[in-house]
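Here is the structure we will look at.
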2 protein chains.
Amino acid sequence: MPNPTAAMLVIGDEILSGRTRDSNMHHLAGKLTERGIDLREVRVVADDAAAIEAAARALSDSYDHVFTSGGIGPTHDDITADCIAAAKGAKIDVRDDARAILQAHYDRQGSDLNDARLRMARIPDGAVLIENPVSAAPGFTLDNIHVMAGVPQIFEAMVEGLLPRLTGGAPMQSRTLRVERGEGDIAQPLSDVAQAHPELSVGSYPFVQNGQFGVNIVVRGSDPDALDGAMAKLREHFPEAVE
Amino acid sequence: MPNPTAAMLVIGDEILSGRTRDSNMHHLAGKLTERGIDLREVRVVADDAAAIEAAARALSDSYDHVFTSGGIGPTHDDITADCIAAAKGAKIDVRDDARAILQAHYDRQGSDLNDARLRMARIPDGAVLIENPVSAAPGFTLDNIHVMAGVPQIFEAMVEGLLPRLTGGAPMQSRTLRVERGEGDIAQPLSDVAQAHPELSVGSYPFVQNGQFGVNIVVRGSDPDALDGAMAKLREHFPEAVE
């Protein structure tokens, strides 16, 4: 059975303006790979209701899972929960279970559960909450969309809690061979190995280091024997390469 | 006149698998903001022809500019140039001007312009070349799509050469106020300032530092007077804040 597929939707003006460098994409990509869920696409959109809704709908229709990050806080620019509800045609309002979580959290802190904070209890009908062990305000799963916070510490904690719930596939393994040659010198043998192993993905990732060109050859797949076979062929072609 | 709009299309399995952390998005976002071009959307797709073509077509139809990174090297998984040509209905083949650039480069190096390297001279009819001062193989602009390399040093050099060619808008300026309070405590005054300044974008970016919550309030816009006015109001609300 093929692995489940996934997309990520990152919501945030601050990334598109270059103010903030996103780290959630890289984190999620690694975790999904470990879990055998294939991340196929990522979209980053602005804090704009039409853009968020359209992207959520398109990705939810195309992939088994959609993971979102950002836009679920208490301020006026936090519109993700309402947009996801709209994309799925679900009603949304302050929900008692989410309100109780927030009330307990702010009671412990001695803070007030004011109107702004209460916005974080807006959860669509039919959604399952995602726990937030950092700052209480929960994420949620609605249909195949998993809505999480943008602050990296919170996003990562939510992913940690969510992923064990999802059915994974065969974990993808990868092997890397570092070759200190230009890509143009290795292209033909690389293509031969790729053609001989259609069950694997054979990629080449050039780099420049100290003015010298080199390539990381990365072979990916879920069958360890096939990976060993492809790596043996590559080592014959590039005996000087480093694993 | 509103600023030109832009999208970015990142092509690369290695980013979706979590092997590599993309840096081109953050670099381009900052450069476009300086130049007054509004980056509205980013998509990351795999080395898959159908995915690249569909994304290129959708983004090219929706925004004034599309910037791509990745997939223009000499190996079998480098398919971006052909996909962009297909998305635009342009013919593509080895072009004499690009071949001459590569020939001169490999002659200087004493290397052979072999079949693999010659693939990097495949340029669509009607495209304008983008100079590559690092490793010669050019990018290109076809219609409103700017096709560039994925290796960060090369991508950044190509952006440097390309951007002065494009008509920019009013550069967006931003001011930041750092407040050591939870978002829930500042949401109401923030919303008031945002409503009073519809010409500005007022964002709040929470963080966790040493276990304490804080928020960076970022006000963005192209009118310095409006920015000053909004910042003065924010400082009244949050006298302890740090700029």
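Naming works like this for the structure tokens: A, B, ... for the chains as they're shown, residue 1 at the start of each chain, ligands 1 onward in shown order.
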List every residue of chain B that has an atom at most 7 Å from any atom of chain A, giving for each one its closest atom pair and the distance in Å to one decimal, counting only C-alpha atoms, sorted by chain and then by ascending residue number, as a tab-separated table.
residue	atom	partner	partner_atom	distance
B:Leu16	CA	A:Ala29	CA	5.7
B:Ser17	CA	A:Ala29	CA	5.5
B:Gly18	CA	A:Gly30	CA	4.4
B:Arg21	CA	A:His26	CA	5.8
B:His26	CA	A:Gly18	CA	5.4
B:Ala29	CA	A:Gly18	CA	4.5
B:Gly30	CA	A:Gly18	CA	4.4
B:Thr33	CA	A:Ser17	CA	6.0
B:Leu39	CA	A:Leu16	CA	5.8
B:Arg40	CA	A:Ala46	CA	6.2
B:Glu41	CA	A:Val45	CA	4.8
B:Val42	CA	A:Val44	CA	4.9
B:Arg43	CA	A:Arg43	CA	4.4
B:Val44	CA	A:Val42	CA	4.9
B:Val45	CA	A:Glu41	CA	4.8
B:Ala46	CA	A:Arg40	CA	6.2
B:Pro74	CA	A:Gly184	CA	5.5
B:Thr75	CA	A:Ala187	CA	4.7
B:His76	CA	A:Ser191	CA	5.7
B:Asp77	CA	A:Gly203	CA	6.5
B:Ala116	CA	A:Gly184	CA	5.6
B:Arg117	CA	A:Gly184	CA	5.0
B:Val151	CA	A:Phe207	CA	6.2
B:Glu183	CA	A:Pro74	CA	6.4
B:Gly184	CA	A:Arg117	CA	5.0
B:Ala187	CA	A:Thr75	CA	4.7
B:Gln188	CA	A:Ala116	CA	6.8
B:Ser191	CA	A:His76	CA	5.6
B:Gly203	CA	A:Asp77	CA	6.5
B:Pro206	CA	A:Val151	CA	6.7
B:Phe207	CA	A:Val151	CA	6.3
Just write the chosen residues, C-alpha atoms, as a compact mmCIF listing (two decimals), in the first residue's frame.
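The result, stored in selection_37.txt:
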# COMPACT_ATOMS: atom_id res chain seq x y z
CA LEU B 16 10.00 18.03 1.40
CA SER B 17 11.86 15.06 2.85
CA GLY B 18 13.41 17.26 5.55
CA ARG B 21 16.42 23.25 5.08
CA HIS B 26 13.84 33.69 3.28
CA ALA B 29 11.39 37.40 0.70
CA GLY B 30 13.74 39.98 2.17
CA THR B 33 10.35 43.52 0.38
CA LEU B 39 5.55 38.27 -2.06
CA ARG B 40 2.07 36.81 -1.57
CA GLU B 41 2.54 33.05 -1.79
CA VAL B 42 5.21 30.35 -1.79
CA ARG B 43 4.77 26.78 -2.94
CA VAL B 44 7.21 23.93 -2.48
CA VAL B 45 6.67 20.96 -4.80
CA ALA B 46 8.52 17.72 -5.52
CA PRO B 74 22.59 18.60 -15.53
CA THR B 75 21.15 15.48 -13.87
CA HIS B 76 18.11 13.34 -14.70
CA ASP B 77 16.05 14.88 -11.88
CA ALA B 116 24.71 16.06 -19.35
CA ARG B 117 26.14 19.58 -19.12
CA VAL B 151 22.11 26.08 -4.75
CA GLU B 183 -0.81 38.10 23.29
CA GLY B 184 -4.12 37.87 25.12
CA ALA B 187 -5.09 41.92 21.64
CA GLN B 188 -7.73 44.64 22.22
CA SER B 191 -7.01 45.61 17.21
CA GLY B 203 0.77 41.96 13.01
CA PRO B 206 4.27 35.73 19.84
CA PHE B 207 7.42 34.11 21.14
- Find the residues around Pro4 (chain B) up to 8 Å (only C-alpha atoms counted), leave out those fewer than 2 positions away in its own chain, and share them as a list in words. Pro2, Ala6, Gly36, Ile37, Asp38, Asp64, His65, Thr167, Gly168 and Gly169 of chain B
- Message: I'd like the interatomic distance between CA of Asp93 (chain A) and CA of Asp143 (chain A), to a tenth of an Å.
- Response: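 Computed distance, CA of Asp93 (chain A) to CA of Asp143 (chain A), equals 17.1 Å.
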- Please run DSSP on the backbone and report, as a PyMOL selection string, all residues within region 49-80 of chain B that come out as strand (DSSP E or B). chain B and resi 65-69
- Message: Report, in Å with one decimal, the straight-line distance from CA of Arg178 (chain B) to CA of Asn24 (chain A).
- Response: 22.2 Å
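Picture a line from CA of Ser62 (chain B) to CA of Ile217 (chain B); it runs 29.8 Å.
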- Counting only C-alpha atoms, the residue among A:Ala137, A:Asp82, A:Arg35, A:Tyr63 that lies closest to Leu163 (chain A) is A:Arg35
- Return as number ranges by chain the full set of residues in region 73-203 of chain A whose backbone-based DSSP assignment is alpha helix (DSSP H). A: 80-87, 96-109, 115-118, 152-162, 183-196
